[in-house]
>>> print(open('protein_7.txt').read())   # compact mmCIF, C-alpha atoms
# COMPACT_ATOMS: atom_id res chain seq x y z
CA MET A 1 20.63 22.65 -0.30
CA SER A 2 22.73 24.18 -3.04
CA ASP A 3 20.77 22.42 -5.80
CA LEU A 4 17.47 24.01 -4.76
CA PRO A 5 16.70 27.28 -6.54
CA PRO A 6 17.18 30.56 -4.66
CA GLY A 7 14.40 31.24 -2.21
CA TRP A 8 13.61 27.55 -1.60
CA SER A 9 14.27 25.77 1.69
CA LEU A 10 13.96 22.39 3.37
CA ARG A 11 12.65 21.38 6.76
CA ARG A 12 11.37 18.33 8.60
CA PRO A 13 7.60 17.77 8.77
CA THR A 14 5.47 17.62 11.89
CA LEU A 15 1.99 16.21 12.37
CA ALA A 16 0.68 19.77 12.31
CA ASP A 17 1.71 19.88 8.63
CA ALA A 18 -0.55 16.95 7.73
CA PRO A 19 -3.45 18.99 6.22
CA ALA A 20 -1.06 21.00 4.04
CA ILE A 21 0.76 17.83 3.03
CA LEU A 22 -2.56 16.25 2.08
CA ALA A 23 -3.41 19.24 -0.12
CA LEU A 24 -0.07 18.79 -1.87
CA VAL A 25 -0.65 15.06 -2.40
CA HIS A 26 -4.17 15.66 -3.71
CA ALA A 27 -2.85 18.16 -6.23
CA SER A 28 -0.28 15.60 -7.35
CA ASP A 29 -2.88 12.82 -7.53
CA ILE A 30 -5.32 14.90 -9.57
CA ALA A 31 -2.60 15.80 -12.04
CA ALA A 32 -1.43 12.19 -12.33
CA VAL A 33 -4.62 10.09 -12.18
CA GLY A 34 -7.50 12.56 -12.28
CA GLU A 35 -8.71 12.30 -8.69
CA PRO A 36 -7.43 12.33 -5.09
CA ASP A 37 -6.20 8.96 -3.83
CA PHE A 38 -4.87 9.69 -0.34
CA THR A 39 -6.41 10.49 3.05
CA LEU A 40 -5.43 12.50 6.11
CA ASP A 41 -5.18 9.27 8.11
CA GLU A 42 -2.72 7.94 5.55
CA VAL A 43 -0.55 11.06 5.87
CA HIS A 44 -0.39 10.45 9.62
CA GLU A 45 0.38 6.76 9.08
CA GLU A 46 3.23 7.50 6.66
CA LEU A 47 4.76 10.08 8.99
CA THR A 48 4.61 7.81 12.03
CA GLY A 49 4.92 4.31 10.56
CA PRO A 50 7.31 1.65 11.86
CA ASN A 51 10.95 2.50 11.06
CA THR A 52 10.04 6.05 10.01
CA ASP A 53 11.36 8.95 12.05
CA MET A 54 10.06 12.33 10.87
CA SER A 55 13.12 14.06 12.28
CA ARG A 56 15.54 11.95 10.25
CA ASP A 57 13.75 10.30 7.34
CA CYS A 58 11.31 12.88 5.97
CA TRP A 59 11.61 16.28 4.32
CA LEU A 60 9.38 19.11 3.15
CA ALA A 61 10.41 21.45 0.35
CA ILE A 62 9.22 25.01 0.96
CA ASP A 63 8.79 27.26 -2.06
CA PRO A 64 9.66 30.99 -2.09
CA ALA A 65 6.07 31.87 -1.13
CA GLY A 66 6.36 29.72 2.02
CA GLY A 67 4.13 26.92 0.78
CA ILE A 68 4.79 23.18 1.03
CA ALA A 69 5.65 22.21 -2.55
CA GLY A 70 7.33 18.84 -1.93
CA TRP A 71 7.23 15.92 0.52
CA ALA A 72 9.69 13.02 0.66
CA TYR A 73 9.58 10.00 2.96
CA PRO A 74 10.51 6.28 3.09
CA ARG A 75 8.39 3.24 3.94
CA ASN A 76 9.80 0.05 5.42
CA PRO A 77 7.42 -1.23 8.11
CA THR A 78 9.09 -4.65 8.29
CA GLY A 79 12.68 -3.50 8.79
CA GLN A 80 13.76 -6.02 6.17
CA ALA A 81 16.17 -5.31 3.33
CA ARG A 82 13.70 -3.41 1.13
CA ASP A 83 12.54 0.17 1.37
CA PHE A 84 10.12 2.27 -0.67
CA VAL A 85 10.79 5.94 -1.34
CA GLU A 86 8.06 8.47 -2.09
CA VAL A 87 8.53 11.96 -3.48
CA TYR A 88 5.45 14.11 -3.99
CA VAL A 89 5.75 17.56 -5.57
CA HIS A 90 3.11 20.08 -6.49
CA PRO A 91 2.44 19.70 -10.23
CA GLU A 92 2.60 23.46 -10.85
CA THR A 93 5.28 24.69 -8.47
CA GLY A 94 7.15 21.74 -7.03
CA LEU A 95 9.23 20.35 -9.88
CA PRO A 96 12.44 22.18 -8.82
CA ALA A 97 12.37 20.20 -5.57
CA GLN A 98 11.82 16.76 -7.09
CA ARG A 99 15.39 15.72 -7.80
CA PRO A 100 16.87 17.32 -4.65
CA LEU A 101 14.33 15.46 -2.49
CA LEU A 102 15.06 12.19 -4.27
CA ARG A 103 18.80 12.69 -3.71
CA LEU A 104 18.20 13.29 -0.01
CA LEU A 105 16.16 10.12 0.27
CA MET A 106 18.71 8.03 -1.59
CA ALA A 107 21.52 9.26 0.67
CA ARG A 108 19.31 8.35 3.62
CA MET A 109 18.80 4.85 2.15
CA VAL A 110 22.52 4.17 2.54
CA GLU A 111 22.29 5.14 6.20
CA ARG A 112 19.11 3.16 6.77
CA ALA A 113 20.70 0.05 5.29
CA ALA A 114 23.38 0.22 7.96
CA GLU A 115 20.95 1.13 10.75
CA LEU A 116 18.65 -1.78 9.92
CA GLY A 117 21.56 -4.21 9.59
CA HIS A 118 21.61 -4.88 5.84
CA ASP A 119 24.75 -4.93 3.70
CA VAL A 120 22.74 -4.65 0.47
CA TYR A 121 19.49 -2.72 0.52
CA THR A 122 16.80 -2.81 -2.17
CA VAL A 123 15.02 0.46 -2.82
CA ARG A 124 11.78 0.77 -4.77
CA ALA A 125 9.77 3.72 -6.04
CA GLY A 126 6.54 4.14 -7.96
CA ALA A 127 5.43 6.45 -10.73
CA ILE A 128 2.38 6.83 -12.93
CA PRO A 129 3.52 6.21 -16.54
CA THR A 130 2.67 9.82 -17.50
CA GLU A 131 4.95 11.24 -14.77
CA THR A 132 7.84 11.46 -17.20
CA ALA A 133 9.94 13.95 -15.23
CA TYR A 134 9.91 11.74 -12.15
CA ILE A 135 10.63 8.62 -14.20
CA GLU A 136 13.63 10.38 -15.72
CA ALA A 137 14.81 11.38 -12.24
CA LEU A 138 14.46 7.80 -11.02
CA THR A 139 16.29 6.47 -14.07
CA ASP A 140 19.14 8.95 -13.56
CA ALA A 141 19.33 7.81 -9.92
CA GLY A 142 19.90 4.20 -11.06
CA PHE A 143 16.37 2.81 -10.86
CA VAL A 144 15.13 0.34 -13.47
CA PHE A 145 11.58 -0.70 -14.29
CA LEU A 146 10.45 -3.76 -12.34
CA LYS A 147 6.69 -4.26 -12.80
CA GLN A 148 3.27 -2.60 -12.66
CA HIS A 149 0.55 -2.36 -10.06
CA ALA A 150 -3.07 -1.58 -10.82
CA ARG A 151 -5.54 0.36 -8.68
CA MET A 152 -8.82 -1.56 -9.11
CA GLN A 153 -12.34 -0.40 -8.34
CA MET A 154 -15.99 -1.26 -8.98
CA PRO A 155 -19.29 0.44 -8.16
CA LEU A 156 -21.52 -1.30 -5.62
CA ALA A 157 -24.81 0.03 -6.97
CA GLY A 158 -27.08 -2.96 -7.43
CA VAL A 159 -24.89 -5.32 -5.38
CA ALA A 160 -27.16 -7.33 -3.08
CA HIS A 161 -26.54 -7.13 0.65
CA GLU A 162 -26.64 -10.91 0.77
CA PRO A 163 -23.84 -12.59 -1.20
CA PRO A 164 -24.41 -15.49 -3.60
CA ALA A 165 -23.93 -18.98 -2.23
CA ALA A 166 -20.34 -20.17 -1.93
CA PRO A 167 -19.24 -23.20 -3.97
CA ALA A 168 -20.25 -26.60 -2.65
CA GLY A 169 -18.12 -27.62 0.31
CA VAL A 170 -16.94 -24.07 0.99
CA THR A 171 -18.07 -22.01 3.98
CA VAL A 172 -17.41 -18.27 4.03
CA ARG A 173 -17.86 -16.52 7.37
CA PRO A 174 -16.53 -13.54 9.34
CA VAL A 175 -13.24 -14.03 11.13
CA ARG A 176 -13.42 -14.64 14.87
CA ALA A 177 -11.26 -11.67 15.79
CA ASP A 178 -11.35 -12.46 19.51
CA ASP A 179 -9.94 -15.96 18.93
CA GLU A 180 -6.14 -15.71 18.89
CA ASP A 181 -5.73 -19.17 17.38
CA GLU A 182 -7.93 -18.17 14.46
CA MET A 183 -6.13 -14.85 14.02
CA ARG A 184 -2.84 -16.69 13.98
CA ARG A 185 -4.23 -19.00 11.30
CA PHE A 186 -5.51 -16.00 9.34
CA HIS A 187 -2.03 -14.49 9.38
CA ALA A 188 -0.44 -17.83 8.46
CA VAL A 189 -2.69 -18.20 5.41
CA VAL A 190 -1.61 -14.76 4.17
CA GLU A 191 2.06 -15.61 4.63
CA GLU A 192 1.77 -19.06 3.03
CA ALA A 193 -0.31 -17.87 0.08
CA PHE A 194 2.02 -15.00 -0.79
CA ARG A 195 5.20 -17.02 -0.41
CA ASP A 196 5.42 -17.40 -4.20
CA SER A 197 5.38 -13.62 -4.69
CA ASP A 198 7.80 -10.92 -3.51
CA HIS A 199 5.64 -10.24 -0.45
CA GLN A 200 7.70 -9.31 2.61
CA ALA A 201 6.92 -11.74 5.40
CA LEU A 202 5.83 -10.44 8.80
CA SER A 203 5.82 -12.22 12.13
CA TYR A 204 2.44 -12.55 13.79
CA ARG A 205 3.35 -9.92 16.38
CA ASP A 206 4.53 -7.44 13.74
CA TRP A 207 1.44 -8.12 11.65
CA GLN A 208 -0.79 -7.42 14.66
CA ALA A 209 1.06 -4.15 15.28
CA LYS A 210 0.65 -3.15 11.64
CA VAL A 211 -3.09 -3.88 11.72
CA SER A 212 -3.48 -1.94 14.96
CA ALA A 213 -1.81 1.09 13.35
CA GLU A 214 -4.10 1.09 10.31
CA SER A 215 -7.13 3.35 10.09
CA GLY A 216 -10.65 2.11 9.50
CA VAL A 217 -10.19 -1.54 10.52
CA SER A 218 -13.54 -3.34 10.94
CA PHE A 219 -13.13 -7.02 11.73
CA ASP A 220 -16.69 -7.74 10.65
CA GLU A 221 -15.41 -7.05 7.13
CA TRP A 222 -12.70 -9.72 7.44
CA PHE A 223 -13.66 -13.18 6.19
CA VAL A 224 -12.35 -16.73 6.10
CA ALA A 225 -13.18 -19.50 3.65
CA GLU A 226 -13.23 -22.99 5.17
CA VAL A 227 -13.03 -26.29 3.33
CA ASP A 228 -13.66 -29.36 5.50
CA GLY A 229 -12.97 -27.28 8.58
CA VAL A 230 -9.65 -25.96 7.22
CA VAL A 231 -9.18 -22.20 6.86
CA ALA A 232 -8.02 -22.23 3.25
CA GLY A 233 -8.60 -18.63 2.22
CA VAL A 234 -8.88 -15.23 3.89
CA LEU A 235 -9.86 -11.67 3.01
CA GLN A 236 -8.65 -8.69 5.04
CA SER A 237 -10.39 -5.33 4.74
CA GLY A 238 -9.04 -2.10 6.10
CA GLY A 239 -8.40 1.53 5.38
CA SER A 240 -10.09 3.54 2.70
CA GLY A 241 -7.83 3.07 -0.30
CA GLY A 242 -7.24 6.81 -0.40
CA ASP A 243 -10.94 7.73 -0.45
CA GLU A 244 -11.22 10.70 1.93
CA SER A 245 -15.02 10.41 2.04
CA ASN A 246 -14.76 6.77 3.21
CA ASP A 247 -17.10 5.87 0.37
CA GLU A 248 -15.06 2.85 -0.65
CA GLY A 249 -14.72 -0.57 0.94
CA TRP A 250 -11.07 -1.57 0.66
CA VAL A 251 -9.71 -5.09 0.23
CA ARG A 252 -6.32 -4.97 1.89
CA SER A 253 -5.42 -8.58 1.02
CA LEU A 254 -6.99 -11.70 -0.45
CA ALA A 255 -5.15 -14.99 0.00
CA VAL A 256 -5.97 -18.60 -0.90
CA LEU A 257 -3.66 -21.50 -0.13
CA ARG A 258 -2.18 -23.18 -3.18
CA PRO A 259 -3.95 -26.60 -2.77
CA TYR A 260 -7.34 -24.84 -2.70
CA ARG A 261 -6.95 -22.51 -5.68
CA LYS A 262 -9.16 -22.69 -8.78
CA ARG A 263 -12.09 -23.79 -6.62
CA GLY A 264 -13.91 -20.48 -6.34
CA LEU A 265 -12.74 -19.50 -2.85
CA GLY A 266 -11.27 -16.18 -3.91
CA GLU A 267 -14.41 -15.15 -5.78
CA ALA A 268 -16.63 -16.25 -2.89
CA LEU A 269 -14.57 -14.17 -0.44
CA LEU A 270 -14.69 -11.12 -2.70
CA ARG A 271 -18.45 -11.35 -3.23
CA ARG A 272 -19.00 -11.71 0.53
CA ALA A 273 -16.89 -8.61 1.12
CA PHE A 274 -18.65 -6.64 -1.61
CA ALA A 275 -22.05 -7.51 -0.15
CA GLY A 276 -20.86 -6.34 3.25
CA TYR A 277 -19.49 -3.10 1.84
CA ALA A 278 -22.78 -2.43 0.07
CA ALA A 279 -24.76 -3.13 3.24
CA ARG A 280 -22.61 -0.59 5.09
CA GLY A 281 -23.44 2.05 2.50
CA HIS A 282 -20.16 2.13 0.60
CA ALA A 283 -20.58 3.18 -3.01
CA LYS A 284 -17.46 1.43 -4.30
CA ALA A 285 -15.08 -1.43 -3.63
CA GLY A 286 -11.38 -1.10 -4.31
CA LEU A 287 -8.02 -2.82 -4.04
CA GLY A 288 -4.50 -2.76 -5.39
CA VAL A 289 -2.97 -5.64 -7.32
CA ASP A 290 0.53 -6.57 -8.38
CA LEU A 291 0.20 -7.30 -12.10
CA ALA A 292 3.29 -9.50 -11.91
CA ASN A 293 1.67 -11.77 -9.29
CA PRO A 294 2.29 -15.36 -10.44
CA THR A 295 -1.29 -16.35 -9.52
CA ASP A 296 -2.67 -13.83 -12.07
CA ALA A 297 -4.89 -12.34 -9.38
CA ALA A 298 -5.91 -9.48 -11.68
CA SER A 299 -7.94 -11.86 -13.86
CA LEU A 300 -10.19 -12.65 -10.89
CA TYR A 301 -10.75 -8.98 -10.18
CA PHE A 302 -11.70 -8.30 -13.78
CA LYS A 303 -14.01 -11.33 -13.68
CA VAL A 304 -16.00 -10.00 -10.72
CA GLY A 305 -16.51 -6.63 -12.41
CA MET A 306 -13.60 -4.49 -11.27
CA THR A 307 -11.74 -2.16 -13.61
CA ALA A 308 -8.33 -0.51 -13.39
CA LEU A 309 -8.60 3.16 -12.42
CA TYR A 310 -4.93 3.55 -13.23
CA ARG A 311 -1.65 1.64 -13.38
CA ALA A 312 1.56 2.54 -11.63
CA ASN A 313 5.08 1.52 -12.58
CA VAL A 314 7.39 0.15 -9.90
CA TYR A 315 11.12 0.85 -10.21
CA GLN A 316 13.99 -0.68 -8.25
CA THR A 317 17.65 -0.17 -7.42
CA THR A 318 20.04 -1.26 -4.68
CA VAL A 319 22.42 0.52 -2.34
CA THR A 320 25.08 -0.75 0.05
CA LYS A 321 25.29 0.29 3.67
CA GLY A 322 27.34 3.34 4.50
>>> encode(input="protein_7.txt", output="structure tokens")
Amino acid sequence: MSDLPPGWSLRRPTLADAPAILALVHASDIAAVGEPDFTLDEVHEELTGPNTDMSRDCWLAIDPAGGIAGWAYPRNPTGQARDFVEVYVHPETGLPAQRPLLRLLMARMVERAAELGHDVYTVRAGAIPTETAYIEALTDAGFVFLKQHARMQMPLAGVAHEPPAAPAGVTVRPVRADDEDEMRRFHAVVEEAFRDSDHQALSYRDWQAKVSAESGVSFDEWFVAEVDGVVAGVLQSGGSGGDESNDEGWVRSLAVLRPYRKRGLGEALLRRAFAGYAARGHAKAGLGVDLANPTDAASLYFKVGMTALYRANVYQTTVTKG
């Protein structure tokens, strides 16, 4: 591209590039938040996720020395009218590629809107508040600040392998993963509980496909909370939260139906999960939370002893199909 400096080039990634891409992302993470927060499995998942085609949607920026100094890709597993763009650049050498990669992705967003059947397409991006150059690039591209997410974590040293008793009338137990009716109910609770947020709904079949594509799924770390025989809350574990050593139990989602909130179900599910993580030898528990969530979920996570490793800004714009 003409707006890359002399000696730079662009190409499409392949799965063989995954280790080099991971090294790039780790360098970016360390510069932004002080530690790596991405795994090799996650690189593979981003390159091969639903509605992502490496040959059309993703780019690598190659610096004059032949190294991978930038990686750009989209994420829209649902195919709905909202995409997420990611641009990673090496903190020491990759800055010249940041804006060109973002421009490529934004031009691709116009095409993806049409391909996925949406007249108006919402596009989001994230940045750590100290990543001022990227925030300026996003702002110049028409993005505006929307909200913040927090990456939460707590050590599991001293956490008993047996959880405390659940509140009276509440039963917390592992999900029956081989019972399709129960799995359908598990999925339904997630969808119902997050209906008052900007969560993108998934059909049961699409949700199953997404779970199957995730790394590190252990159904014995998934739990349901029953009240009078009704599955009123669920906790889904999965993945590593970016911990390459797999030293962290990861809460993928925690959901409690509105009529059953403020009754201790969420805390009981979390403490059951933490006990299970500790019993498996994990040193930490982690999760991500939308700080704009109308249920104020972050207050529960602080209550049980989690702290915010870092916060990330979310920015948003819209495009129309080309």
>>> atom_distance(input="protein_7.txt", atom1="atom CA of A:Asp37", atom2="atom CA of A:Leu22")
10.1 Å
>>> residues_around(input="protein_7.txt", residues="A:Arg195", least_positions_apart="3", cutoff="12 Å", atoms="all atoms listed in the file", output="PyMOL selection string")
chain A and resi 188-192+198-202+255-258+293-295
>>> residues_near_point(input="protein_7.txt", point="(-13.0, -27.0, 1.1)", cutoff="12 Å", atoms="all atoms listed in the file", output="list in words")
Ala166, Pro167, Ala168, Gly169, Val170, Thr171, Val172, Val224, Ala225, Glu226, Val227, Asp228, Gly229, Val230, Val231, Ala232, Gly233, Val256, Leu257, Pro259, Tyr260, Arg261, Lys262, Arg263, Gly264 and Leu265 of chain A
>>> residues_near_point(input="protein_7.txt", point="(-1.5, 18.5, 4.1)", cutoff="10 Å", atoms="all atoms listed in the file", output="VMD selection string")
chain A and resid 15 to 26 39 to 40 43 to 44 68 71
>>> write_last_selection(input="protein_7.txt", atoms="C-alpha atoms", output="mmCIF file, in the frame of the given file")
data_model
loop_
_atom_site.group_PDB
_atom_site.id
_atom_site.type_symbol
_atom_site.label_atom_id
_atom_site.label_comp_id
_atom_site.auth_asym_id
_atom_site.auth_seq_id
_atom_site.Cartn_x
_atom_site.Cartn_y
_atom_site.Cartn_z
ATOM 1 C CA LEU A 15 1.990 16.210 12.370
ATOM 2 C CA ALA A 16 0.680 19.770 12.310
ATOM 3 C CA ASP A 17 1.710 19.880 8.630
ATOM 4 C CA ALA A 18 -0.550 16.950 7.730
ATOM 5 C CA PRO A 19 -3.450 18.990 6.220
ATOM 6 C CA ALA A 20 -1.060 21.000 4.040
ATOM 7 C CA ILE A 21 0.760 17.830 3.030
ATOM 8 C CA LEU A 22 -2.560 16.250 2.080
ATOM 9 C CA ALA A 23 -3.410 19.240 -0.120
ATOM 10 C CA LEU A 24 -0.070 18.790 -1.870
ATOM 11 C CA VAL A 25 -0.650 15.060 -2.400
ATOM 12 C CA HIS A 26 -4.170 15.660 -3.710
ATOM 13 C CA THR A 39 -6.410 10.490 3.050
ATOM 14 C CA LEU A 40 -5.430 12.500 6.110
ATOM 15 C CA VAL A 43 -0.550 11.060 5.870
ATOM 16 C CA HIS A 44 -0.390 10.450 9.620
ATOM 17 C CA ILE A 68 4.790 23.180 1.030
ATOM 18 C CA TRP A 71 7.230 15.920 0.520
#
>>> atom_distance(input="protein_7.txt", atom1="atom CA of A:Ala127", atom2="atom CA of A:Leu146")
11.5 Å
>>> residues_around(input="protein_7.txt", residues="stretch 290-292 of chain A", least_positions_apart="5", cutoff="8 Å", atoms="only C-alpha atoms", output="PyMOL selection string")
chain A and resi 147-150+297-298
>>> residues_around(input="protein_7.txt", residues="A:Arg12", least_positions_apart="5", cutoff="7 Å", atoms="only C-alpha atoms", output="count of residues only")
5
>>> closest_residue(input="protein_7.txt", among="A:Gly34, A:Gly70, A:Gly94, A:Pro13", to="A:Asp53", atoms="all atoms listed in the file")
A:Pro13
>>> atom_distance(input="protein_7.txt", atom1="atom CA of A:Val234", atom2="atom CA of A:Val289")
15.9 Å
>>> residues_around(input="protein_7.txt", residues="A:Gln98", least_positions_apart="4", cutoff="8 Å", atoms="only C-alpha atoms", output="PyMOL selection string")
chain A and resi 70+87-89+94+102+134
>>> residues_around(input="protein_7.txt", residues="A:Ala125", least_positions_apart="6", cutoff="9 Å", atoms="only C-alpha atoms", output="PDB file with C-alpha atoms, in the coordinates of the input")
ATOM      1  CA  ASP A  83      12.540   0.170   1.370  1.00  0.00           C
ATOM      2  CA  PHE A  84      10.120   2.270  -0.670  1.00  0.00           C
ATOM      3  CA  VAL A  85      10.790   5.940  -1.340  1.00  0.00           C
ATOM      4  CA  GLU A  86       8.060   8.470  -2.090  1.00  0.00           C
ATOM      5  CA  VAL A  87       8.530  11.960  -3.480  1.00  0.00           C
ATOM      6  CA  LEU A 138      14.460   7.800 -11.020  1.00  0.00           C
ATOM      7  CA  PHE A 143      16.370   2.810 -10.860  1.00  0.00           C
ATOM      8  CA  ASN A 313       5.080   1.520 -12.580  1.00  0.00           C
ATOM      9  CA  VAL A 314       7.390   0.150  -9.900  1.00  0.00           C
ATOM     10  CA  TYR A 315      11.120   0.850 -10.210  1.00  0.00           C
ATOM     11  CA  GLN A 316      13.990  -0.680  -8.250  1.00  0.00           C
ATOM     12  CA  THR A 317      17.650  -0.170  -7.420  1.00  0.00           C
TER      13      THR A 317
END
>>> closest_residue(input="protein_7.txt", among="A:His187, A:Arg311, A:Arg56, A:Arg176", to="A:Ser218", atoms="only C-alpha atoms")
A:Arg176
